[in-house]
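Source file: data-v1.txt; contents: compact mmCIF, C-alpha atoms.
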```
# COMPACT_ATOMS: atom_id res chain seq x y z
CA MET E 1 -23.62 170.51 171.73
CA ASP E 2 -26.27 168.24 173.19
CA GLU E 3 -25.36 164.93 174.82
CA ARG E 4 -28.96 163.80 174.49
CA LEU E 5 -28.71 164.19 170.72
CA GLU E 6 -25.65 161.90 170.76
CA SER E 7 -27.69 159.29 172.61
CA LEU E 8 -30.56 159.74 170.14
CA CYS E 9 -28.16 159.37 167.20
CA LEU E 10 -26.70 156.12 168.59
CA ARG E 11 -30.00 154.66 169.68
CA LEU E 12 -31.87 155.36 166.45
CA ALA E 13 -29.47 152.92 164.80
CA GLY E 14 -29.31 150.46 167.69
CA PRO E 15 -31.10 147.21 166.91
CA GLY E 16 -33.61 146.31 169.62
CA ASP E 17 -33.66 149.85 171.02
CA PRO E 18 -37.15 151.28 171.64
CA LEU E 19 -36.17 154.32 169.56
CA ALA E 20 -35.20 152.14 166.61
CA GLU E 21 -38.23 149.85 166.67
CA PRO E 22 -41.56 151.00 165.17
CA GLY E 23 -43.79 152.74 167.70
CA PRO E 24 -44.68 156.17 169.09
CA MET E 25 -41.22 156.67 170.63
CA HIS E 26 -39.56 155.92 167.32
CA ASP E 27 -41.93 158.33 165.55
CA LEU E 28 -41.05 161.13 167.98
CA ALA E 29 -37.33 160.33 167.72
CA ALA E 30 -37.56 160.36 163.92
CA ARG E 31 -39.38 163.72 164.03
CA ILE E 32 -36.63 165.19 166.20
CA ALA E 33 -34.01 163.82 163.80
CA GLY E 34 -35.91 165.48 160.95
CA ASP E 35 -35.91 168.80 162.84
CA VAL E 36 -32.15 168.51 163.34
CA ARG E 37 -31.67 167.90 159.62
CA ALA E 38 -33.85 170.95 158.91
CA GLY E 39 -31.43 173.03 160.97
CA ARG E 40 -33.64 173.70 164.00
CA GLU E 41 -31.49 174.64 166.99
CA ASP E 42 -33.54 174.43 170.19
CA LEU E 43 -35.08 171.00 170.54
CA SER E 44 -35.01 170.75 174.31
CA ASP E 45 -38.82 170.51 174.64
CA GLU E 46 -39.01 167.63 172.17
CA LEU E 47 -36.04 165.88 173.80
CA ASP E 48 -37.67 166.37 177.22
CA SER E 49 -40.85 164.81 175.89
CA LEU E 50 -38.97 161.85 174.42
CA GLU E 51 -37.07 161.38 177.66
CA ASP E 52 -40.35 161.44 179.62
CA ARG E 53 -41.75 158.72 177.39
CA LEU E 54 -38.62 156.60 177.82
CA LEU E 55 -38.79 157.00 181.61
CA ALA E 56 -42.49 156.19 181.64
CA ALA E 57 -41.78 153.04 179.62
CA GLY E 58 -39.27 151.92 182.27
CA TYR E 59 -35.99 152.95 180.59
CA ALA E 60 -34.56 154.44 183.76
CA ALA E 61 -31.56 156.12 182.11
CA GLY E 62 -33.81 158.12 179.76
CA LEU E 63 -31.63 159.67 177.06
CA SER E 64 -28.50 159.80 179.21
CA SER E 65 -25.54 157.55 178.51
CA ALA E 66 -25.79 155.95 181.95
CA ARG E 67 -26.20 152.17 181.78
CA SER E 68 -26.93 149.51 184.34
CA PRO E 69 -24.00 147.15 184.66
CA TYR E 70 -24.53 143.48 183.87
CA ALA E 71 -25.69 141.31 186.73
CA PRO E 72 -26.50 137.62 186.63
CA VAL E 73 -30.15 136.66 187.16
CA PRO E 74 -30.46 135.58 190.78
CA GLY E 75 -32.02 132.20 191.40
CA LEU E 76 -31.82 131.07 187.79
CA GLY E 77 -30.20 127.84 188.92
CA ASP E 78 -27.87 125.63 186.96
CA GLY E 79 -29.70 125.89 183.65
CA HIS E 80 -30.12 123.03 181.19
CA PRO E 81 -26.78 121.66 180.02
CA PRO E 82 -27.06 120.08 176.57
CA LEU E 83 -26.57 116.36 177.21
CA THR E 84 -25.15 114.26 174.39
CA VAL E 85 -23.74 110.74 174.15
CA LEU E 86 -22.01 108.79 171.41
CA ALA E 87 -23.86 105.75 170.07
CA CYS E 88 -23.72 103.12 167.36
CA PRO E 89 -23.68 104.82 163.92
CA ALA E 90 -26.11 102.24 162.52
CA GLY E 91 -28.29 102.02 165.61
CA ARG E 92 -27.69 98.26 165.70
CA CYS E 93 -26.03 97.80 169.07
CA THR E 94 -26.42 99.18 172.57
CA ARG E 95 -22.95 100.72 172.81
CA VAL E 96 -23.10 104.17 174.45
CA GLU E 97 -20.06 106.30 175.27
CA PRO E 98 -19.63 109.71 176.87
CA PRO E 99 -18.77 112.52 174.40
CA ALA E 100 -15.20 112.65 173.09
CA ASP E 101 -13.45 114.66 170.43
CA PRO E 102 -12.77 112.96 168.02
CA PRO E 103 -15.42 110.29 168.61
CA PRO E 104 -14.15 106.71 168.92
CA LEU E 105 -14.44 104.35 165.97
CA CYS E 106 -16.92 101.48 165.82
CA ALA E 107 -14.66 98.51 165.08
CA VAL E 108 -17.48 96.54 163.44
CA LEU E 109 -18.74 99.20 161.05
CA ARG E 110 -15.40 101.08 160.85
CA ARG E 111 -17.25 104.37 161.28
CA PRO E 112 -17.08 106.86 164.15
CA LEU E 113 -19.81 106.70 166.77
CA VAL E 114 -22.52 109.29 166.20
CA ARG E 115 -23.59 112.05 168.57
CA VAL E 116 -27.07 111.61 170.07
CA ARG E 117 -28.75 114.46 171.93
CA LEU E 118 -30.54 113.37 175.07
CA GLY E 119 -33.93 114.87 175.64
CA PRO E 120 -37.55 114.69 174.64
CA MET U 1 -10.74 173.11 180.66
CA THR U 2 -10.32 174.53 184.18
CA ARG U 3 -13.82 173.40 185.03
CA PHE U 4 -13.06 169.91 183.72
CA ILE U 5 -9.88 169.69 185.81
CA GLU U 6 -11.73 170.97 188.88
CA THR U 7 -14.46 168.35 188.42
CA LEU U 8 -11.88 165.62 187.87
CA ALA U 9 -9.90 166.66 190.94
CA GLY U 10 -13.12 166.73 192.98
CA LYS U 11 -14.02 163.21 191.84
CA ILE U 12 -10.54 161.86 192.60
CA ALA U 13 -10.58 163.47 196.05
CA ASP U 14 -14.05 162.06 196.67
CA ARG U 15 -12.99 158.58 195.67
CA TRP U 16 -9.78 158.84 197.69
CA MET U 17 -11.75 159.85 200.76
CA THR U 18 -14.34 157.09 200.38
CA MET U 19 -11.99 154.28 199.45
CA LEU U 20 -9.02 155.03 201.68
CA VAL U 21 -9.35 157.77 204.27
CA VAL U 22 -12.78 157.03 205.77
CA PRO U 23 -12.11 153.29 206.33
CA GLY U 24 -8.60 154.27 207.45
CA VAL U 25 -9.96 156.60 210.14
CA VAL U 26 -12.33 153.86 211.35
CA TYR U 27 -9.41 151.44 211.48
CA LEU U 28 -7.27 153.89 213.45
CA VAL U 29 -10.12 154.23 215.94
CA ALA U 30 -10.16 150.43 216.23
CA VAL U 31 -6.37 150.45 216.75
CA PHE U 32 -6.77 153.03 219.53
CA VAL U 33 -9.56 151.01 221.18
CA ALA U 34 -7.54 147.79 220.88
CA ALA U 35 -4.44 149.42 222.36
CA ARG U 36 -6.36 150.90 225.29
CA LEU U 37 -8.64 147.96 226.15
CA GLY U 38 -7.06 144.64 225.19
CA HIS U 39 -8.81 141.29 225.62
CA ARG U 40 -9.67 141.46 229.31
CA ARG U 41 -11.34 144.89 229.36
CA TRP U 42 -12.67 144.60 225.78
CA PHE U 43 -15.84 146.64 226.49
CA ASP U 44 -14.58 149.14 229.08
CA LEU U 45 -16.35 152.24 227.71
CA GLY U 46 -15.66 154.23 230.86
CA SER U 47 -11.92 154.07 230.37
CA LEU U 48 -12.31 155.12 226.72
CA ARG U 49 -14.52 158.07 227.70
CA ALA U 50 -11.87 159.24 230.13
CA ASP U 51 -9.24 159.13 227.36
CA VAL U 52 -11.37 161.00 224.84
CA THR U 53 -12.46 163.74 227.26
CA HIS U 54 -8.93 164.33 228.57
CA PRO U 55 -8.26 168.10 229.00
CA VAL U 56 -5.25 167.99 226.67
CA TRP U 57 -7.57 167.65 223.61
CA ARG U 58 -9.29 170.94 224.45
CA ASP U 59 -6.23 172.82 223.22
CA PRO U 60 -7.00 173.79 219.57
CA GLY U 61 -3.36 173.36 218.49
CA THR U 62 -3.21 169.80 219.82
CA ALA U 63 -6.60 168.96 218.30
CA VAL U 64 -5.55 170.24 214.84
CA LEU U 65 -2.26 168.37 215.06
CA LEU U 66 -4.06 165.21 216.10
CA LEU U 67 -6.56 165.59 213.24
CA ALA U 68 -3.73 166.02 210.73
CA LEU U 69 -1.95 162.97 212.14
CA ILE U 70 -5.15 160.90 211.98
CA LEU U 71 -5.83 161.90 208.36
CA ALA U 72 -2.24 161.19 207.31
CA GLY U 73 -2.25 157.90 209.20
CA ALA U 74 -5.61 156.91 207.73
CA ALA U 75 -4.40 157.63 204.19
CA ALA U 76 -1.19 155.62 204.83
CA VAL U 77 -3.16 152.67 206.21
CA GLY U 78 -5.58 152.92 203.27
CA VAL U 79 -2.75 152.79 200.72
CA LEU U 80 -1.20 149.83 202.56
CA VAL U 81 -4.51 147.97 202.58
CA GLN U 82 -5.01 148.71 198.88
CA GLY U 83 -1.63 147.09 198.25
CA LEU U 84 -2.73 144.11 200.34
CA GLY U 85 -5.87 143.93 198.18
CA ALA U 86 -3.78 143.71 194.99
CA LEU U 87 -1.84 140.90 196.68
CA PHE U 88 -5.10 139.09 197.44
CA VAL U 89 -6.10 139.20 193.76
CA ARG U 90 -2.73 137.68 192.84
CA VAL U 91 -3.20 134.91 195.40
CA TRP U 92 -6.82 134.19 194.42
CA LEU U 93 -5.84 133.87 190.75
CA MET U 94 -2.39 132.33 191.24
CA PRO U 95 -1.24 129.28 189.27
CA ALA U 96 -0.41 126.03 191.06
CA VAL U 97 3.17 126.60 192.15
CA GLY U 98 5.13 125.69 195.29
CA PRO U 99 2.94 125.01 198.33
CA ALA U 100 -0.21 125.62 196.24
CA VAL U 101 0.37 122.46 194.16
CA PRO U 102 -1.36 120.07 196.64
CA LEU U 103 -4.36 122.42 196.84
CA ALA U 104 -4.76 122.40 193.06
CA ALA U 105 -4.28 118.62 192.98
CA ARG U 106 -7.00 118.21 195.62
CA ARG U 107 -9.41 120.31 193.57
CA ALA U 108 -8.53 118.31 190.45
CA ARG U 109 -9.19 115.01 192.27
CA ALA U 110 -12.59 116.26 193.49
CA TRP U 111 -13.45 117.38 189.96
CA ASP U 112 -12.33 114.04 188.47
CA ARG U 113 -14.59 112.17 190.90
CA ALA U 114 -17.55 114.42 190.07
CA ASP U 115 -16.81 114.13 186.34
CA ALA U 116 -16.64 110.32 186.50
CA GLU U 117 -20.01 110.22 188.29
CA PHE U 118 -21.51 112.55 185.67
CA ARG U 119 -20.16 110.52 182.76
CA SER U 120 -21.54 107.27 184.24
CA ALA U 121 -24.92 108.92 184.74
CA LEU U 122 -24.79 110.31 181.19
CA VAL U 123 -24.14 106.88 179.69
CA ALA U 124 -26.95 105.40 181.80
CA ALA U 125 -29.31 108.16 180.57
CA GLY U 126 -28.16 107.55 176.98
CA ARG U 127 -28.81 103.81 177.22
CA ALA U 128 -32.24 104.46 178.74
CA GLN U 129 -33.19 106.87 175.93
CA LEU U 130 -32.01 104.53 173.17
CA ALA U 131 -33.95 101.69 174.78
CA ALA U 132 -37.01 103.98 175.16
CA SER U 133 -37.02 103.09 178.84
CA ALA U 134 -39.63 104.64 181.15
CA ASP U 135 -37.00 106.10 183.51
CA ALA U 136 -35.09 107.95 180.72
CA ALA U 137 -36.33 111.39 181.84
CA ASP U 138 -35.36 110.75 185.48
CA LEU U 139 -31.91 109.57 184.45
CA ARG U 140 -31.46 112.70 182.31
CA ARG U 141 -32.34 114.88 185.28
CA THR U 142 -29.83 112.98 187.43
CA ALA U 143 -27.13 113.49 184.78
CA SER U 144 -27.96 117.24 184.60
CA ALA U 145 -27.74 117.55 188.39
CA LEU U 146 -24.38 115.77 188.44
CA ALA U 147 -23.07 118.04 185.64
CA ALA U 148 -24.09 121.06 187.70
CA ARG U 149 -22.36 119.62 190.78
CA ARG U 150 -19.13 119.08 188.83
CA ASP U 151 -19.34 122.60 187.34
CA ARG U 152 -19.69 124.11 190.79
CA THR U 153 -16.18 122.80 191.54
CA ALA U 154 -14.90 124.16 188.21
CA LEU U 155 -16.17 124.56 184.66
CA ALA U 156 -13.06 122.78 183.32
CA ARG U 157 -10.58 120.44 185.02
CA PRO U 158 -8.99 122.50 187.82
CA GLN U 159 -5.42 123.68 187.35
CA ARG U 160 -5.21 126.31 190.07
CA PRO U 161 -5.41 126.21 193.87
CA PHE U 162 -8.48 128.46 194.25
CA TRP U 163 -11.95 128.57 192.69
CA MET U 164 -11.46 132.10 191.34
CA GLY U 165 -8.27 131.24 189.49
CA ASP U 166 -9.94 128.20 188.00
CA ARG U 167 -12.97 130.24 186.92
CA ILE U 168 -10.73 132.48 184.82
CA ALA U 169 -8.60 129.52 183.64
CA ALA U 170 -11.78 127.65 182.66
CA THR U 171 -12.77 130.57 180.42
CA ASP U 172 -9.45 130.26 178.61
CA THR U 173 -9.81 126.47 178.35
CA ARG U 174 -13.40 126.61 177.13
CA VAL U 175 -12.68 129.29 174.52
CA HIS U 176 -9.69 127.29 173.30
CA GLU U 177 -11.63 124.02 173.16
CA LYS U 178 -14.59 125.66 171.45
CA TYR U 179 -12.79 127.87 168.91
CA LEU U 180 -9.06 126.95 169.14
CA LEU U 181 -8.65 130.62 170.03
CA ASP U 182 -5.78 131.67 172.28
CA LEU U 183 -7.58 134.07 174.62
CA ALA U 184 -4.43 135.56 176.16
CA SER U 185 -3.18 136.90 172.83
CA ALA U 186 -6.61 137.52 171.28
CA TRP U 187 -7.96 139.54 174.20
CA PRO U 188 -6.11 142.85 173.52
CA ARG U 189 -7.25 142.68 169.88
CA LEU U 190 -10.80 141.85 170.91
CA TRP U 191 -10.73 144.82 173.30
CA LEU U 192 -9.96 147.11 170.37
CA VAL U 193 -12.99 145.97 168.36
CA VAL U 194 -15.70 145.65 171.04
CA PRO U 195 -18.07 148.64 171.41
CA GLU U 196 -17.61 151.08 174.29
CA PRO U 197 -20.61 149.77 176.32
CA VAL U 198 -18.99 146.31 176.34
CA ARG U 199 -15.71 147.79 177.61
CA ALA U 200 -17.71 149.61 180.29
CA GLU U 201 -19.15 146.27 181.42
CA PHE U 202 -15.64 144.89 181.87
CA GLY U 203 -14.70 148.04 183.75
CA HIS U 204 -17.60 147.53 186.18
CA ALA U 205 -16.72 143.87 186.74
CA ARG U 206 -13.02 144.62 187.21
CA SER U 207 -13.80 147.45 189.67
CA ALA U 208 -16.09 145.13 191.64
CA LEU U 209 -13.18 142.68 192.02
CA THR U 210 -10.83 145.48 193.09
CA ARG U 211 -13.33 146.68 195.72
CA GLN U 212 -13.66 143.18 197.16
CA SER U 213 -9.89 142.67 197.20
CA CYS U 214 -9.63 145.92 199.20
CA LEU U 215 -12.25 144.59 201.62
CA ALA U 216 -10.15 141.43 201.98
CA GLY U 217 -7.20 143.69 202.79
CA TRP U 218 -9.24 145.35 205.55
CA ALA U 219 -10.28 141.89 206.78
CA LEU U 220 -6.62 140.95 207.22
CA ALA U 221 -5.85 144.26 208.91
CA TYR U 222 -8.68 143.78 211.44
CA ALA U 223 -7.82 140.11 211.97
CA THR U 224 -4.25 141.17 212.84
CA LEU U 225 -5.66 143.63 215.36
CA GLY U 226 -7.57 140.71 216.84
CA VAL U 227 -4.33 139.57 218.49
CA ARG U 228 -4.75 142.50 220.90
CA TRP U 229 -8.56 142.99 220.94
CA TRP U 230 -10.72 139.96 220.03
CA PRO U 231 -13.77 141.86 218.62
CA ALA U 232 -11.47 142.98 215.79
CA LEU U 233 -11.04 139.32 214.88
CA VAL U 234 -14.83 139.01 214.50
CA ILE U 235 -14.91 142.13 212.31
CA GLY U 236 -12.06 140.69 210.24
CA ALA U 237 -13.82 137.34 209.84
CA VAL U 238 -17.09 138.98 208.71
CA CYS U 239 -15.22 141.24 206.24
CA GLY U 240 -13.18 138.26 205.00
CA VAL U 241 -16.18 136.05 204.32
CA THR U 242 -18.02 138.93 202.63
CA ALA U 243 -15.00 139.79 200.48
CA TRP U 244 -14.46 136.15 199.46
CA THR U 245 -18.12 135.63 198.54
CA ARG U 246 -18.43 138.87 196.61
CA ALA U 247 -15.06 138.45 194.90
CA ARG U 248 -16.18 135.02 193.67
CA ALA U 249 -19.32 136.61 192.23
CA ALA U 250 -17.26 139.40 190.61
CA VAL U 251 -14.85 136.88 189.04
CA GLY U 252 -17.84 134.86 187.81
CA VAL U 253 -19.29 137.97 186.13
CA LEU U 254 -15.91 138.88 184.63
CA ALA U 255 -15.40 135.36 183.25
CA ASP U 256 -18.96 135.24 181.88
CA LEU U 257 -18.44 138.58 180.14
CA VAL U 258 -15.12 137.52 178.59
CA GLU U 259 -16.59 134.31 177.23
CA SER U 260 -19.68 136.14 176.00
CA ALA U 261 -17.52 138.78 174.30
CA VAL U 262 -15.75 136.03 172.35
CA ASP U 263 -19.08 134.44 171.38
CA VAL U 264 -20.68 137.75 170.37
CA HIS U 265 -17.73 139.72 168.93
CA GLY U 266 -15.37 136.92 167.83
CA ARG U 267 -16.57 137.29 164.24
CA THR U 268 -15.86 141.03 164.32
CA LEU U 269 -12.33 140.22 165.48
CA ALA U 270 -11.94 137.74 162.63
CA ALA U 271 -13.15 140.31 160.09
CA SER U 272 -10.87 143.01 161.55
CA LEU U 273 -7.87 140.71 161.17
CA GLY U 274 -8.85 139.87 157.60
CA VAL U 275 -9.89 136.30 158.43
CA SER U 276 -12.92 135.14 156.49
CA CYS U 277 -15.78 134.09 158.78
CA GLU U 278 -19.05 133.02 157.22
CA GLY U 279 -21.78 132.20 159.73
CA VAL U 280 -20.69 131.20 163.24
CA LEU U 281 -17.15 131.37 164.58
CA THR U 282 -15.53 127.97 164.02
CA LYS U 283 -12.39 126.19 165.17
CA GLU U 284 -10.81 126.83 161.76
CA THR U 285 -11.44 130.57 162.08
CA GLY U 286 -10.24 130.56 165.69
CA ALA U 287 -7.05 128.76 164.71
CA GLN U 288 -6.39 131.33 161.97
CA ILE U 289 -6.92 134.19 164.43
CA THR U 290 -4.55 132.52 166.89
CA ALA U 291 -1.91 132.13 164.18
CA ILE U 292 -2.05 135.91 163.65
CA THR U 293 -2.30 137.01 167.29
CA ARG U 294 0.37 134.69 168.73
CA ALA U 295 3.02 135.69 166.20
CA ASP U 296 5.40 133.23 167.86
CA PRO U 297 8.62 132.54 165.94
```

Go through the file and emit its structure as structure tokens.
Amino acid sequence: MDERLESLCLRLAGPGDPLAEPGPMHDLAARIAGDVRAGREDLSDELDSLEDRLLAAGYAAGLSSARSPYAPVPGLGDGHPPLTVLACPAGRCTRVEPPADPPPLCAVLRRPLVRVRLGP
Amino acid sequence: MTRFIETLAGKIADRWMTMLVVPGVVYLVAVFVAARLGHRRWFDLGSLRADVTHPVWRDPGTAVLLLALILAGAAAVGVLVQGLGALFVRVWLMPAVGPAVPLAARRARAWDRADAEFRSALVAAGRAQLAASADAADLRRTASALAARRDRTALARPQRPFWMGDRIAATDTRVHEKYLLDLASAWPRLWLVVPEPVRAEFGHARSALTRQSCLAGWALAYATLGVRWWPALVIGAVCGVTAWTRARAAVGVLADLVESAVDVHGRTLAASLGVSCEGVLTKETGAQITAITRADP
């Protein structure tokens, strides 16, 4: 039983994984999978080679199941909060209100104020 | 199987030594130093040297007995401090009850002030944009900065006495406001459908919080020792500030992960419960999930 084969099996189907996306690593992984289907037992050389390529490409865990835990990006700041206001549904007056759910009703037009996104 | 058990036992022993015994031994040394020196002779190394090199320790029997006592004492102190750490987590996340009510009210007032300032700035930015005014971009930036300032107090109106409790409570509030999903009852179901790597992420974040709560326990233990030997108070203060800062970060990560799990795997939960969910998770879908998960009479 090979733990690296388990990782290969999972990662071949993992969207966004370098082994699932077209490229030389995927080709090698697919070849190994083909060898497994053909009943070949000892694939350690091929798995070593695939692991070397993963390591060289910066995937520090190689084919092991070890993962880096999530960490926030330092120094990213406060981000860009989506700013919206509520304004006249017909664009005929200068009434502006902060967002509310449900939006207040325009007493003149008898329609709720509409959401306007602030930004360029 | 034997090999597995041996490995497991080795890992547990390792963890036990690192988490409890080693810091416990260091603490017992500090207790000894505090007891021998006190405030006035706080750096009297000569007196300590005389104690350590006393002829009575040269007897192997006494040395072995002392070592056993130190290890047992260190483990006992470690277990006690771990319990203190669990208490810290309860306090950090506690609801506003009893004497904590004024603290929560104070946080809520600060948040209300910041929110009112943000809303005024938002309306001003909105008016400027609708009037195609030249300062619209500046006013938008001001509104963004004020939103960030309010969010630093809490992401939703504070209900709890401490930032960490509010960070977790805000996750519940935001998920409920966004999807009408009751996080408390949905979480165990969500846990069952998220992939193993996601569970591992929660495990890491939860462990980080436990480690920092333990550090807070050590901070209290050293601060108590400060009554007899003031340098211990300094050690306690440094440990306390570190634990508080890191625990805040750990709670932030935990809350971010919980909210992200709902965003990313909420649809899987809906499908698993037989609730139809086309496209993004909506309030209607969230309300249907809640109706199933609450199962209130």

Report, in Å with one decimal, the straight-line distance from atom CA of Arg174 of chain U to atom CA of Gly286 of chain U.
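Computed distance, atom CA of Arg174 of chain U to atom CA of Gly286 of chain U, equals 12.5 Å.
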
Find the residues near Val101 of chain U: any atom within 8 Å, counting all atoms listed in the file, skip ones fewer than 4 places away on the same chain, and give them as a PDB file with C-alpha atoms, in the coordinates of the input.
```pdb
ATOM      1  CA  ALA U  96      -0.410 126.030 191.060  1.00  0.00           C
ATOM      2  CA  VAL U  97       3.170 126.600 192.150  1.00  0.00           C
ATOM      3  CA  ALA U 105      -4.280 118.620 192.980  1.00  0.00           C
ATOM      4  CA  ARG U 160      -5.210 126.310 190.070  1.00  0.00           C
ATOM      5  CA  PRO U 161      -5.410 126.210 193.870  1.00  0.00           C
TER       6      PRO U 161
END
```

Kindly indicate which residue among U:Gly85, U:Pro55, U:Gly274, U:Pro158 lies nearest to Ala243 of chain U, using all atoms listed in the file for the distances.
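Ranked by minimum distance to Ala243 of chain U, first place goes to U:Gly85.
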
Contact residues around segment 248-250 of chain U with all atoms listed in the file at 8 Å, ignoring same-chain residues under 3 positions, as JSON, numbers by chain:
{"U": [163, 164, 205, 206, 208, 209, 244, 245, 253, 254]}

Just to be explicit: take each residue in the selection above, keep C-alpha atoms, and write the result as a tab-separated table (two decimals), in the frame of the given file.
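Once written, selection_26.tsv looks like this:
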```tsv
chain	number	residue	atom	x	y	z
U	163	TRP	CA	-11.95	128.57	192.69
U	164	MET	CA	-11.46	132.10	191.34
U	205	ALA	CA	-16.72	143.87	186.74
U	206	ARG	CA	-13.02	144.62	187.21
U	208	ALA	CA	-16.09	145.13	191.64
U	209	LEU	CA	-13.18	142.68	192.02
U	244	TRP	CA	-14.46	136.15	199.46
U	245	THR	CA	-18.12	135.63	198.54
U	253	VAL	CA	-19.29	137.97	186.13
U	254	LEU	CA	-15.91	138.88	184.63
```

Would you kindly return, as a PyMOL selection string, each protein, DNA or RNA residue with an atom no farther than 10 Å from any atom of Ala110 of chain U, considering only C-alpha atoms and excluding same-chain residues fewer than 5 positions away?
chain U and resi 104-105+115+150+153-154+157-158

Of the residues U:Ala35, U:Val89, U:Leu65, U:Val198, which is the one nearest to chain E, using only C-alpha atoms?
U:Val198

Which chain E residues have any atom within 10 Å of an atom of chain U, and for each, what is the nearest pair of atoms with distance in Å to one decimal, counting all atoms listed in the file, rows sorted by chain and number, as CSV?
```
residue,atom,partner,partner_atom,distance
E:Ser65,CA,U:Pro197,CA,9.5
E:Ala66,CA,U:Pro197,CA,9.8
E:Arg67,CA,U:Pro197,CA,8.2
E:Ser68,CA,U:Glu201,CA,8.9
E:Pro69,CA,U:Glu201,CA,5.9
E:Tyr70,CA,U:Glu201,CA,6.5
E:Ala71,CA,U:Val253,CA,7.2
E:Pro72,CA,U:Val253,CA,7.2
E:Gly77,CA,U:Ala148,CA,9.2
E:Asp78,CA,U:Ala148,CA,6.0
E:Gly79,CA,U:Ala148,CA,8.4
E:His80,CA,U:Ser144,CA,7.1
E:Pro81,CA,U:Ser144,CA,6.5
E:Pro82,CA,U:Ser144,CA,8.6
E:Leu83,CA,U:Leu122,CA,7.5
E:Thr84,CA,U:Gly126,CA,7.8
E:Val85,CA,U:Gly126,CA,6.1
E:Leu86,CA,U:Gly126,CA,8.4
E:Ala87,CA,U:Gly126,CA,8.3
E:Gly91,CA,U:Leu130,CA,8.8
E:Cys93,CA,U:Leu130,CA,9.9
E:Thr94,CA,U:Arg127,CA,7.0
E:Arg95,CA,U:Arg127,CA,8.0
E:Val96,CA,U:Val123,CA,6.0
E:Glu97,CA,U:Val123,CA,6.0
E:Pro98,CA,U:Arg119,CA,6.0
E:Pro99,CA,U:Arg119,CA,8.7
E:Asp101,CA,U:Glu177,CA,9.9
E:Val116,CA,U:Gly126,CA,8.1
E:Arg117,CA,U:Gly126,CA,8.6
E:Leu118,CA,U:Gly126,CA,6.6
E:Gly119,CA,U:Arg140,CA,7.4
E:Pro120,CA,U:Ala137,CA,8.0
```

Counting only C-alpha atoms, which of E:Leu5, E:Ala13, E:Leu19, E:Ala56 gets nearest to Asp42 of chain E?
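Of the candidates, the smallest distance to Asp42 of chain E is held by E:Leu5.
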
Pairwise distance for atom CA of Glu259 of chain U and atom CA of Glu196 of chain U, rounded to one decimal in Å
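Between these atoms lies a distance of 17.1 Å.
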
Please provide as a ChimeraX atom specification all residues within 6 Å of Leu63 of chain E, with the sequence filter that same-chain residues fewer than 5 positions apart are discarded (counting all atoms listed in the file).
/E:4,7,51

Output for the residues just chosen: C-alpha atoms as a PDB file, keeping the file's coordinate frame:
```
ATOM      1  CA  ARG E   4     -28.960 163.800 174.490  1.00  0.00           C
ATOM      2  CA  SER E   7     -27.690 159.290 172.610  1.00  0.00           C
ATOM      3  CA  GLU E  51     -37.070 161.380 177.660  1.00  0.00           C
TER       4      GLU E  51
END
```

Pick out the residues sitting within 10 Å of Asp263 of chain U, and hand them over as a PyMOL selection string; count only C-alpha atoms, and ignore anything fewer than 2 positions along from it in its own chain.
chain U and resi 175+178-179+257-261+265-267+280-281

Nearest to Leu47 of chain E, chosen from E:Cys9, E:Leu28, E:Leu76, E:Ala61, with all atoms listed in the file counted in the distances:
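Nearest to Leu47 of chain E: E:Leu28.
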
Please compute the atom CA of Thr242 of chain U-atom CA of Gly217 of chain U distance, one decimal, in Å.
11.8 Å

For Thr173 of chain U, the nearest of the candidates U:Ala72, U:Ala255, U:Arg199, U:Ala108, counting all atoms listed in the file:
U:Ala255

Within 6 Å of (-21.5, 101.5, 166.6) (coordinates as in the file), grab all the protein and nucleic acid residues, counting all atoms listed in the file, and write them out as a ChimeraX atom specification.
/E:87-89,106,113
